[in-house]
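The file start.cif contains mmCIF, C-alpha atoms:
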data_coords
loop_
_atom_site.label_atom_id
_atom_site.label_comp_id
_atom_site.auth_asym_id
_atom_site.auth_seq_id
_atom_site.Cartn_x
_atom_site.Cartn_y
_atom_site.Cartn_z
CA MET A 1 60.68 38.41 -68.96
CA SER A 2 62.14 37.08 -72.21
CA ARG A 3 63.11 33.46 -72.74
CA MET A 4 66.78 34.48 -72.93
CA ALA A 5 66.53 36.35 -69.63
CA ALA A 6 64.95 33.29 -68.01
CA LEU A 7 67.74 31.07 -69.33
CA ASN A 8 70.33 33.34 -67.76
CA GLU A 9 68.45 34.01 -64.54
CA ASP A 10 70.35 33.53 -61.32
CA ILE A 11 67.74 32.00 -59.01
CA PRO A 12 68.04 33.50 -55.52
CA ARG A 13 67.95 31.50 -52.31
CA THR A 14 65.16 33.60 -50.86
CA CYS A 15 62.23 35.55 -52.26
CA ARG A 16 59.54 37.91 -51.00
CA ALA A 17 56.19 36.53 -49.94
CA GLY A 18 52.95 37.86 -48.51
CA CYS A 19 52.42 35.90 -45.29
CA VAL A 20 49.33 35.77 -43.10
CA VAL A 21 49.60 36.72 -39.46
CA ASN A 22 46.84 35.91 -36.90
CA VAL A 23 44.50 33.83 -39.08
CA GLY A 24 40.95 34.79 -38.12
CA ASN A 25 39.02 38.04 -37.86
CA ASP A 26 42.17 40.01 -36.93
CA PHE A 27 44.38 38.67 -39.72
CA SER A 28 46.93 40.79 -41.54
CA VAL A 29 49.32 40.21 -44.43
CA VAL A 30 53.00 41.09 -44.03
CA LEU A 31 55.87 40.83 -46.49
CA GLU A 32 58.68 38.48 -45.49
CA ASP A 33 61.71 36.77 -47.03
CA VAL A 34 61.18 33.02 -47.46
CA PRO A 35 63.24 30.25 -49.09
CA VAL A 36 62.81 29.75 -52.82
CA PRO A 37 61.34 26.26 -53.25
CA GLU A 38 63.08 23.52 -55.22
CA PRO A 39 60.98 21.80 -57.90
CA GLY A 40 60.37 18.09 -57.51
CA HIS A 41 61.07 15.61 -60.30
CA ASP A 42 57.72 16.30 -62.01
CA GLU A 43 57.44 19.98 -61.17
CA ILE A 44 58.49 23.33 -62.59
CA LEU A 45 59.67 26.44 -60.74
CA LEU A 46 57.88 29.64 -61.76
CA ARG A 47 59.01 33.19 -61.17
CA LEU A 48 55.64 34.88 -60.88
CA SER A 49 54.85 37.98 -62.91
CA ALA A 50 51.29 38.65 -61.76
CA THR A 51 48.66 37.29 -59.41
CA GLY A 52 45.02 38.19 -59.06
CA LEU A 53 43.42 38.48 -55.63
CA CYS A 54 40.25 36.49 -54.99
CA TYR A 55 37.79 36.78 -52.11
CA THR A 56 38.38 33.10 -51.38
CA ASP A 57 41.80 34.25 -50.15
CA ILE A 58 39.96 36.41 -47.60
CA HIS A 59 37.82 33.45 -46.53
CA LEU A 60 40.94 31.37 -45.94
CA MET A 61 42.57 34.11 -43.89
CA LEU A 62 39.36 34.71 -41.93
CA ASP A 63 38.90 30.94 -41.53
CA ASP A 64 35.14 31.35 -41.92
CA LEU A 65 34.34 28.42 -44.24
CA PRO A 66 34.22 24.65 -43.57
CA MET A 67 37.15 23.87 -45.83
CA PRO A 68 40.76 22.77 -45.33
CA LYS A 69 42.66 25.26 -43.22
CA MET A 70 45.97 26.85 -44.18
CA LEU A 71 47.44 26.31 -40.73
CA ASP A 72 46.75 22.57 -40.91
CA TYR A 73 49.16 22.38 -43.83
CA GLY A 74 51.70 24.89 -42.57
CA VAL A 75 50.81 27.32 -45.38
CA ARG A 76 51.23 31.04 -44.73
CA SER A 77 50.88 32.45 -48.26
CA PRO A 78 47.44 32.17 -49.91
CA GLY A 79 46.56 33.04 -53.51
CA HIS A 80 45.56 30.82 -56.42
CA GLU A 81 45.49 32.68 -59.75
CA ALA A 82 48.85 33.64 -61.15
CA VAL A 83 51.09 33.68 -64.19
CA GLY A 84 54.85 33.37 -64.28
CA VAL A 85 57.90 32.31 -66.24
CA VAL A 86 59.48 28.87 -65.98
CA VAL A 87 62.99 29.28 -64.55
CA LYS A 88 63.80 25.69 -63.54
CA LEU A 89 62.63 22.19 -64.51
CA GLY A 90 62.30 19.02 -62.49
CA SER A 91 64.39 16.09 -63.76
CA ASN A 92 61.40 14.32 -65.37
CA VAL A 93 59.85 17.35 -67.05
CA LYS A 94 59.92 17.26 -70.86
CA SER A 95 56.81 19.25 -71.78
CA TRP A 96 58.04 22.67 -70.61
CA LYS A 97 61.06 24.82 -71.48
CA ILE A 98 62.86 27.51 -69.54
CA GLY A 99 61.20 30.82 -70.43
CA ASP A 100 57.74 29.38 -71.10
CA ARG A 101 54.84 31.19 -69.43
CA GLY A 102 52.64 29.10 -67.17
CA GLY A 103 49.54 29.68 -65.09
CA VAL A 104 48.64 28.44 -61.62
CA LYS A 105 44.99 27.72 -60.81
CA PRO A 106 42.89 27.24 -57.63
CA LEU A 107 43.64 23.53 -57.83
CA TRP A 108 47.37 22.90 -57.73
CA ASP A 109 46.93 19.27 -58.78
CA VAL A 110 44.43 16.42 -59.14
CA CYS A 111 44.93 12.66 -59.27
CA SER A 112 43.84 12.28 -62.95
CA GLN A 113 42.99 8.64 -62.16
CA CYS A 114 39.49 8.70 -60.65
CA ALA A 115 35.99 8.70 -62.12
CA ARG A 116 35.57 12.39 -61.32
CA CYS A 117 38.75 13.36 -63.16
CA TRP A 118 37.79 11.16 -66.12
CA GLY A 119 34.19 12.45 -66.18
CA GLY A 120 34.84 16.18 -66.43
CA GLN A 121 34.58 16.75 -62.68
CA GLU A 122 38.27 16.97 -61.85
CA THR A 123 37.67 20.00 -59.63
CA TYR A 124 35.81 17.69 -57.24
CA CYS A 125 38.62 15.10 -57.14
CA LYS A 126 38.94 13.63 -53.63
CA LYS A 127 42.71 13.94 -53.89
CA ALA A 128 42.70 17.51 -55.22
CA VAL A 129 45.38 19.79 -53.79
CA HIS A 130 44.16 23.36 -53.23
CA THR A 131 46.58 26.15 -54.09
CA GLY A 132 47.19 28.64 -51.31
CA CYS A 133 45.66 26.31 -48.75
CA MET A 134 47.30 22.89 -48.92
CA VAL A 135 50.43 24.20 -50.70
CA THR A 136 52.02 27.64 -50.79
CA GLY A 137 50.03 30.00 -52.98
CA THR A 138 50.58 32.86 -55.35
CA TYR A 139 51.35 35.57 -52.80
CA GLN A 140 54.95 34.35 -53.14
CA SER A 141 57.22 35.49 -55.97
CA TYR A 142 58.66 32.01 -56.70
CA MET A 143 56.55 28.86 -56.51
CA VAL A 144 56.57 25.30 -57.78
CA SER A 145 53.77 23.80 -59.85
CA PRO A 146 53.12 20.28 -61.22
CA ALA A 147 54.18 20.22 -64.87
CA LYS A 148 51.08 18.25 -65.90
CA TYR A 149 48.62 20.66 -64.30
CA THR A 150 50.20 24.01 -65.11
CA THR A 151 48.34 25.94 -67.81
CA PRO A 152 50.26 27.22 -70.87
CA ILE A 153 49.61 30.91 -71.52
CA PRO A 154 49.01 32.03 -75.14
CA ASP A 155 51.37 34.68 -76.47
CA GLU A 156 48.38 36.90 -77.29
CA VAL A 157 47.35 37.18 -73.62
CA ASP A 158 49.35 39.49 -71.34
CA ASP A 159 50.16 38.57 -67.74
CA PHE A 160 47.65 40.93 -66.13
CA THR A 161 44.84 39.55 -68.29
CA ALA A 162 45.89 35.92 -67.91
CA ALA A 163 46.17 35.86 -64.10
CA PRO A 164 42.45 36.53 -63.41
CA MET A 165 41.53 33.94 -66.04
CA MET A 166 43.10 31.23 -63.87
CA CYS A 167 40.29 31.50 -61.31
CA ALA A 168 37.67 34.14 -62.04
CA GLY A 169 37.56 33.46 -65.78
CA SER A 170 37.50 29.68 -65.65
CA THR A 171 35.03 29.68 -62.75
CA MET A 172 32.56 31.81 -64.70
CA LEU A 173 32.95 29.83 -67.91
CA ARG A 174 32.23 26.60 -66.04
CA SER A 175 29.13 28.09 -64.40
CA ILE A 176 27.71 29.55 -67.61
CA ARG A 177 28.26 26.28 -69.46
CA THR A 178 26.59 24.30 -66.66
CA SER A 179 23.58 26.63 -66.64
CA GLY A 180 22.59 25.58 -70.15
CA LEU A 181 21.63 29.13 -71.15
CA LEU A 182 21.47 29.81 -74.88
CA PRO A 183 22.10 32.83 -77.10
CA GLY A 184 19.31 35.36 -76.63
CA ASP A 185 18.53 34.24 -73.08
CA TRP A 186 18.38 36.75 -70.23
CA ALA A 187 21.21 36.38 -67.69
CA VAL A 188 21.37 38.33 -64.43
CA PHE A 189 24.70 38.65 -62.63
CA CYS A 190 24.46 39.47 -58.92
CA GLY A 191 27.75 41.18 -58.11
CA ALA A 192 28.23 42.09 -61.77
CA GLY A 193 30.81 44.77 -60.99
CA GLY A 194 32.99 42.51 -58.87
CA GLY A 195 36.11 40.52 -59.69
CA VAL A 196 34.24 37.41 -60.82
CA GLY A 197 30.96 38.92 -61.98
CA HIS A 198 32.40 41.42 -64.45
CA ILE A 199 34.21 38.62 -66.26
CA GLY A 200 31.01 36.58 -66.32
CA VAL A 201 29.23 39.51 -67.95
CA GLN A 202 31.77 39.50 -70.78
CA ILE A 203 31.64 35.73 -71.31
CA ALA A 204 27.85 35.76 -71.40
CA ARG A 205 27.87 38.62 -73.90
CA ALA A 206 30.39 36.73 -76.06
CA MET A 207 27.98 33.77 -76.03
CA GLY A 208 25.13 35.98 -77.25
CA MET A 209 23.15 36.33 -74.01
CA ARG A 210 21.23 39.41 -72.91
CA VAL A 211 22.85 40.54 -69.67
CA ILE A 212 21.49 42.45 -66.70
CA GLY A 213 24.05 43.66 -64.18
CA LEU A 214 23.05 43.82 -60.52
CA ASP A 215 25.33 45.60 -58.06
CA GLY A 216 25.59 48.76 -55.97
CA GLY A 217 27.01 52.17 -56.79
CA ASP A 218 27.64 54.38 -59.80
CA GLU A 219 31.19 53.12 -60.37
CA LYS A 220 30.06 49.53 -60.75
CA GLY A 221 27.06 50.60 -62.79
CA ASP A 222 29.26 52.46 -65.25
CA LEU A 223 31.56 49.44 -65.49
CA CYS A 224 28.68 47.06 -66.21
CA MET A 225 27.22 49.21 -68.95
CA LYS A 226 30.66 49.69 -70.50
CA LEU A 227 31.07 45.90 -70.61
CA GLY A 228 27.85 45.43 -72.54
CA CYS A 229 25.01 44.94 -70.04
CA GLU A 230 21.62 45.83 -71.54
CA ALA A 231 20.53 47.13 -68.15
CA PHE A 232 21.96 47.77 -64.69
CA VAL A 233 19.99 47.48 -61.46
CA ASP A 234 21.50 49.35 -58.51
CA PHE A 235 20.36 47.59 -55.35
CA SER A 236 21.33 50.65 -53.29
CA LYS A 237 18.84 52.81 -55.18
CA THR A 238 16.15 50.37 -56.35
CA LYS A 239 13.26 49.78 -53.97
CA ASN A 240 12.34 46.33 -55.31
CA VAL A 241 15.15 44.65 -57.24
CA GLU A 242 13.12 41.56 -58.14
CA GLU A 243 10.28 43.60 -59.67
CA GLU A 244 12.76 45.67 -61.67
CA VAL A 245 14.32 42.54 -63.18
CA LEU A 246 10.86 41.24 -64.05
CA ARG A 247 10.04 44.56 -65.72
CA ILE A 248 13.21 44.53 -67.83
CA THR A 249 12.53 40.96 -68.98
CA GLY A 250 8.97 41.65 -70.08
CA GLY A 251 7.37 40.30 -66.92
CA GLU A 252 8.78 36.80 -67.30
CA GLY A 253 12.03 36.92 -65.35
CA ALA A 254 15.53 35.87 -66.39
CA HIS A 255 16.46 32.50 -67.82
CA GLY A 256 19.35 32.37 -65.38
CA VAL A 257 20.66 34.25 -62.35
CA PHE A 258 24.36 33.94 -61.52
CA VAL A 259 25.08 34.77 -57.89
CA THR A 260 28.70 35.83 -57.78
CA ALA A 261 28.16 38.07 -54.76
CA THR A 262 28.78 36.78 -51.25
CA SER A 263 25.85 38.54 -49.57
CA PRO A 264 22.95 36.58 -48.04
CA SER A 265 20.50 39.02 -49.66
CA ALA A 266 21.69 38.04 -53.14
CA TYR A 267 20.89 34.39 -52.50
CA LYS A 268 17.53 35.30 -50.97
CA SER A 269 16.38 37.35 -53.96
CA ALA A 270 17.81 35.20 -56.78
CA PRO A 271 14.93 32.64 -56.98
CA LEU A 272 12.46 35.51 -57.31
CA MET A 273 14.14 36.87 -60.45
CA VAL A 274 13.96 33.79 -62.71
CA ARG A 275 11.19 32.72 -65.03
CA VAL A 276 9.40 29.38 -65.13
CA GLY A 277 12.03 26.74 -65.81
CA GLY A 278 14.80 29.18 -64.91
CA THR A 279 18.08 28.42 -63.18
CA VAL A 280 19.91 29.97 -60.25
CA MET A 281 23.67 29.37 -60.35
CA CYS A 282 25.46 29.48 -56.99
CA ILE A 283 29.04 30.76 -57.27
CA GLY A 284 29.81 33.30 -54.53
CA LEU A 285 30.69 31.91 -51.08
CA PRO A 286 29.21 33.76 -48.08
CA PRO A 287 30.67 32.99 -44.64
CA TRP A 288 29.42 29.61 -43.41
CA GLY A 289 25.93 29.69 -41.91
CA THR A 290 25.10 33.26 -42.95
CA ALA A 291 23.14 32.54 -46.13
CA PHE A 292 20.83 29.92 -47.60
CA ALA A 293 20.40 29.24 -51.29
CA GLY A 294 16.76 28.44 -51.91
CA ALA A 295 13.16 29.44 -51.40
CA ASP A 296 9.87 27.99 -50.26
CA PRO A 297 9.29 24.61 -51.97
CA ALA A 298 6.12 26.05 -53.55
CA ILE A 299 8.30 28.42 -55.60
CA PHE A 300 10.47 25.56 -56.83
CA ILE A 301 7.44 23.43 -57.66
CA GLY A 302 5.29 26.17 -59.14
CA ASN A 303 8.05 27.59 -61.31
CA ASN A 304 10.03 24.46 -62.20
CA LEU A 305 12.99 26.21 -60.62
CA HIS A 306 16.52 24.81 -60.84
CA MET A 307 19.36 25.66 -58.46
CA ILE A 308 22.91 24.50 -59.21
CA GLY A 309 26.24 25.10 -57.55
CA THR A 310 29.53 25.11 -59.43
CA GLN A 311 33.07 25.25 -58.16
CA VAL A 312 36.17 26.47 -59.99
CA GLY A 313 36.91 25.68 -63.62
CA SER A 314 38.74 22.66 -65.00
CA MET A 315 41.96 22.53 -67.00
CA LYS A 316 39.85 22.67 -70.18
CA ASP A 317 37.72 25.56 -68.90
CA THR A 318 40.91 27.51 -68.19
CA HIS A 319 42.30 26.77 -71.66
CA ASP A 320 39.03 27.81 -73.27
CA VAL A 321 38.63 31.08 -71.36
CA LEU A 322 42.18 32.00 -72.34
CA GLU A 323 41.06 31.54 -75.96
CA TYR A 324 38.27 34.04 -75.33
CA ALA A 325 40.88 36.44 -73.93
CA ALA A 326 43.23 35.85 -76.87
CA ARG A 327 40.40 36.82 -79.24
CA GLY A 328 39.74 40.00 -77.27
CA LEU A 329 36.32 38.86 -76.10
CA VAL A 330 37.19 38.91 -72.40
CA LYS A 331 39.38 41.57 -70.80
CA PRO A 332 39.45 41.84 -67.01
CA VAL A 333 39.17 45.27 -65.49
CA TYR A 334 41.68 45.50 -62.69
CA GLU A 335 43.37 47.76 -60.18
CA LEU A 336 47.12 47.15 -60.47
CA TYR A 337 49.31 47.17 -57.37
CA PRO A 338 53.06 46.70 -57.01
CA PHE A 339 54.00 43.68 -54.89
CA SER A 340 55.12 46.02 -52.11
CA LYS A 341 51.47 47.15 -51.79
CA LEU A 342 50.03 43.64 -51.49
CA PRO A 343 48.81 44.18 -47.89
CA GLU A 344 46.93 47.32 -48.94
CA ALA A 345 45.35 45.50 -51.89
CA VAL A 346 44.19 42.67 -49.63
CA SER A 347 42.62 45.20 -47.24
CA LYS A 348 40.74 46.89 -50.07
CA LEU A 349 39.48 43.54 -51.36
CA ARG A 350 38.26 42.64 -47.87
CA SER A 351 36.34 45.94 -47.68
CA GLY A 352 34.40 45.04 -50.86
CA LYS A 353 35.30 48.34 -52.53
CA VAL A 354 37.02 46.96 -55.62
CA ALA A 355 35.41 47.46 -59.03
CA GLY A 356 36.74 44.53 -61.07
CA ARG A 357 39.80 42.62 -59.90
CA CYS A 358 42.90 43.47 -57.85
CA VAL A 359 46.08 42.33 -59.62
CA ILE A 360 49.59 42.33 -58.18
CA ASP A 361 52.60 43.14 -60.37
CA PHE A 362 55.63 41.25 -59.04
CA ASN A 363 57.98 43.22 -61.29
CA ALA A 364 56.91 46.70 -60.19
#
Go through the file and emit its structure as structure tokens.
Amino acid sequence: MSRMAALNEDIPRTCRAGCVVNVGNDFSVVLEDVPVPEPGHDEILLRLSATGLCYTDIHLMLDDLPMPKMLDYGVRSPGHEAVGVVVKLGSNVKSWKIGDRGGVKPLWDVCSQCARCWGGQETYCKKAVHTGCMVTGTYQSYMVSPAKYTTPIPDEVDDFTAAPMMCAGSTMLRSIRTSGLLPGDWAVFCGAGGGVGHIGVQIARAMGMRVIGLDGGDEKGDLCMKLGCEAFVDFSKTKNVEEEVLRITGGEGAHGVFVTATSPSAYKSAPLMVRVGGTVMCIGLPPWGTAFAGADPAIFIGNNLHMIGTQVGSMKDTHDVLEYAARGLVKPVYELYPFSKLPEAVSKLRSGKVAGRCVIDFNA
């Protein structure tokens, strides 16, 4: 949408939204008409153009993690990585204009006044508001967003590239930075062909790392090699995944293993694929109680093993990963669905059969 079109837009009273029915194992997503929200004094109203789908959405709809519940906040539309056009401003908003493009992230807002926010850990703010959980998410075609915490989108980055950067991109950049890996280091991505992992592969390559993709199936293998992996290990065909990674890395193991997959087996094997002094980064969220990140203490002690968990990316991480995208260094691979097919896209994501990311086009 052009800036002129946004200026002249007649904002409707209702809009379409993907709403969850029967939260739990039997959930489904249906399309309904809901009221268009009114921005508060310090908020902007966005008409969404695109949203990515993240497996955390599935967790929220399954209600299988010990985290705030959608129903506790009266939220029926999940989703937390989207891009849209500003169509209305709150009375106090001076930093945005009608027609600007803005991005919505997994955190809708933070307090910006605590030690965590000041110390680069804003994503752990005790007063953080989670998009699509505590407030209506990006499965809705119009949504409000705090002006101070909405991310400006560079002109060089299209909507379908920018939307996955809001969560998957910033999450991976934060994890790779936290790992401390350097150019030339070996990095293994468990779930390398998935929505988060395939973006991590590209960021690591842009940083000069040597990347091994780990996933299952020819489609994901082809994707990983196309994105620049030096090697791909297919867990569905490889008898001993850990030994194969050791072989590829000259018998030493990787400097870092990034677990973006949600399977218990990925967390079980990760500590066995790193070298002495190596790091396992925990990113993917299995259902609560189904997986354990770790190994026998002797492995930690004998190999000086590090294990670190990271959450989503910060405002700065999101800005920086958009710069990677603007330079053409990161380009999400996605399956594009019209908004009318949102329920089908959610079902495919739940099945684990998506290579790359699912992205919804609100204008199709």
Distance CA of Cys167 (chain A)-CA of Pro78 (chain A), one decimal place?
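Between these atoms lies a distance of 13.5 Å.
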Next item on the list: Taking the file as shown, find all residues satisfying the PyMOL selection byres ((chain A and resi 151) around 10) and write them as a PyMOL selection string.
Entry: chain A and resi 83+101-105+145-150+152-154+166+315-316+318-319+322
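Close contacts of His255 (chain A), defined as residues with an atom at most 8 Å away when counting all atoms listed in the file, with chain neighbours fewer than 3 positions off set aside, comprise Leu181, Asp185, Trp186, Ala187, Val274, Arg275, Gly277, Gly278 and Thr279 of chain A.
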Note to self: If I take CA of Val36 (chain A) and CA of Met67 (chain A), how far is one from the other in Å, to one decimal?
What the structure shows: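 Between these atoms lies a distance of 27.2 Å.
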Check: Which distance in Å separates CA of Ile11 (chain A) and CA of Lys88 (chain A), to one decimal?
Finding: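 A separation of 8.7 Å between them.
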Selected residue of minimal separation from Glu219 (chain A) among A:Val354, A:Glu252, A:Ile58, A:Tyr267, counting all atoms listed in the file:
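Going through A:Val354, A:Glu252, A:Ile58, A:Tyr267 one by one, the smallest distance to Glu219 (chain A) is for A:Val354.
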(message) Using all atoms listed in the file, can you tell me which of A:Gly309, A:Pro164, A:Pro37, A:Gly200 comes closest to Leu285 (chain A)?
(response)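 Checking each of A:Gly309, A:Pro164, A:Pro37, A:Gly200 against Leu285 (chain A), counting all atoms listed in the file, the winner is A:Gly309.
Minimum atom-to-atom distances from A:Gln140, A:Lys94, A:Asp159, A:Leu60 to Leu31 (chain A) were compared using all atoms listed in the file, and the lowest value belongs to A:Gln140.
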Practice prompt. Specify as number ranges by chain each residue included when the PyMOL selection byres ((chain A and resi 256) around 12) is applied to this file.
Written response: A: 175-182, 184-190, 204, 209-212, 245, 249, 252-255, 257-259, 270-282, 305-308
Have region 71-93 of chain A completed to N, CA and C atoms, please, and pass it along as a JSON list (two decimals), in the coordinates of the input.
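Everything below was put into out_27.json:
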[["chain", "number", "residue", "atom", "x", "y", "z"],
["A", 71, "LEU", "N", 46.55, 26.65, -41.85],
["A", 71, "LEU", "CA", 47.44, 26.31, -40.73],
["A", 71, "LEU", "C", 47.64, 24.81, -40.60],
["A", 72, "ASP", "N", 46.63, 24.02, -41.00],
["A", 72, "ASP", "CA", 46.75, 22.57, -40.91],
["A", 72, "ASP", "C", 47.84, 22.03, -41.82],
["A", 73, "TYR", "N", 48.16, 22.80, -42.86],
["A", 73, "TYR", "CA", 49.16, 22.38, -43.83],
["A", 73, "TYR", "C", 50.45, 23.21, -43.73],
["A", 74, "GLY", "N", 50.51, 24.07, -42.73],
["A", 74, "GLY", "CA", 51.70, 24.89, -42.57],
["A", 74, "GLY", "C", 51.87, 25.95, -43.64],
["A", 75, "VAL", "N", 50.77, 26.33, -44.30],
["A", 75, "VAL", "CA", 50.81, 27.32, -45.38],
["A", 75, "VAL", "C", 50.56, 28.71, -44.81],
["A", 76, "ARG", "N", 51.38, 29.66, -45.20],
["A", 76, "ARG", "CA", 51.23, 31.04, -44.73],
["A", 76, "ARG", "C", 50.93, 32.01, -45.86],
["A", 77, "SER", "N", 51.13, 31.58, -47.10],
["A", 77, "SER", "CA", 50.88, 32.45, -48.26],
["A", 77, "SER", "C", 49.72, 31.91, -49.07],
["A", 78, "PRO", "N", 48.57, 32.62, -49.08],
["A", 78, "PRO", "CA", 47.44, 32.17, -49.91],
["A", 78, "PRO", "C", 47.62, 32.62, -51.36],
["A", 79, "GLY", "N", 46.52, 32.64, -52.10],
["A", 79, "GLY", "CA", 46.56, 33.04, -53.51],
["A", 79, "GLY", "C", 46.50, 31.84, -54.43],
["A", 80, "HIS", "N", 45.76, 31.99, -55.55],
["A", 80, "HIS", "CA", 45.56, 30.82, -56.42],
["A", 80, "HIS", "C", 45.29, 31.17, -57.88],
["A", 81, "GLU", "N", 45.64, 32.38, -58.32],
["A", 81, "GLU", "CA", 45.49, 32.68, -59.75],
["A", 81, "GLU", "C", 46.67, 33.55, -60.18],
["A", 82, "ALA", "N", 47.63, 32.91, -60.81],
["A", 82, "ALA", "CA", 48.85, 33.64, -61.15],
["A", 82, "ALA", "C", 49.47, 33.14, -62.44],
["A", 83, "VAL", "N", 50.34, 33.99, -62.98],
["A", 83, "VAL", "CA", 51.09, 33.68, -64.19],
["A", 83, "VAL", "C", 52.55, 34.00, -63.93],
["A", 84, "GLY", "N", 53.43, 33.14, -64.44],
["A", 84, "GLY", "CA", 54.85, 33.37, -64.28],
["A", 84, "GLY", "C", 55.65, 32.74, -65.39],
["A", 85, "VAL", "N", 56.96, 32.83, -65.26],
["A", 85, "VAL", "CA", 57.90, 32.31, -66.24],
["A", 85, "VAL", "C", 58.64, 31.12, -65.64],
["A", 86, "VAL", "N", 58.76, 30.06, -66.43],
["A", 86, "VAL", "CA", 59.48, 28.87, -65.98],
["A", 86, "VAL", "C", 60.98, 29.21, -65.90],
["A", 87, "VAL", "N", 61.56, 29.00, -64.72],
["A", 87, "VAL", "CA", 62.99, 29.28, -64.55],
["A", 87, "VAL", "C", 63.80, 28.03, -64.18],
["A", 88, "LYS", "N", 63.09, 26.93, -63.87],
["A", 88, "LYS", "CA", 63.80, 25.69, -63.54],
["A", 88, "LYS", "C", 62.86, 24.50, -63.75],
["A", 89, "LEU", "N", 63.41, 23.38, -64.21],
["A", 89, "LEU", "CA", 62.63, 22.19, -64.51],
["A", 89, "LEU", "C", 63.03, 21.05, -63.60],
["A", 90, "GLY", "N", 62.01, 20.27, -63.17],
["A", 90, "GLY", "CA", 62.30, 19.02, -62.49],
["A", 90, "GLY", "C", 62.92, 18.02, -63.46],
["A", 91, "SER", "N", 63.59, 17.01, -62.93],
["A", 91, "SER", "CA", 64.39, 16.09, -63.76],
["A", 91, "SER", "C", 63.54, 15.31, -64.76],
["A", 92, "ASN", "N", 62.25, 15.11, -64.47],
["A", 92, "ASN", "CA", 61.40, 14.32, -65.37],
["A", 92, "ASN", "C", 60.61, 15.16, -66.36],
["A", 93, "VAL", "N", 60.70, 16.47, -66.27],
["A", 93, "VAL", "CA", 59.85, 17.35, -67.05],
["A", 93, "VAL", "C", 60.39, 17.51, -68.48]]
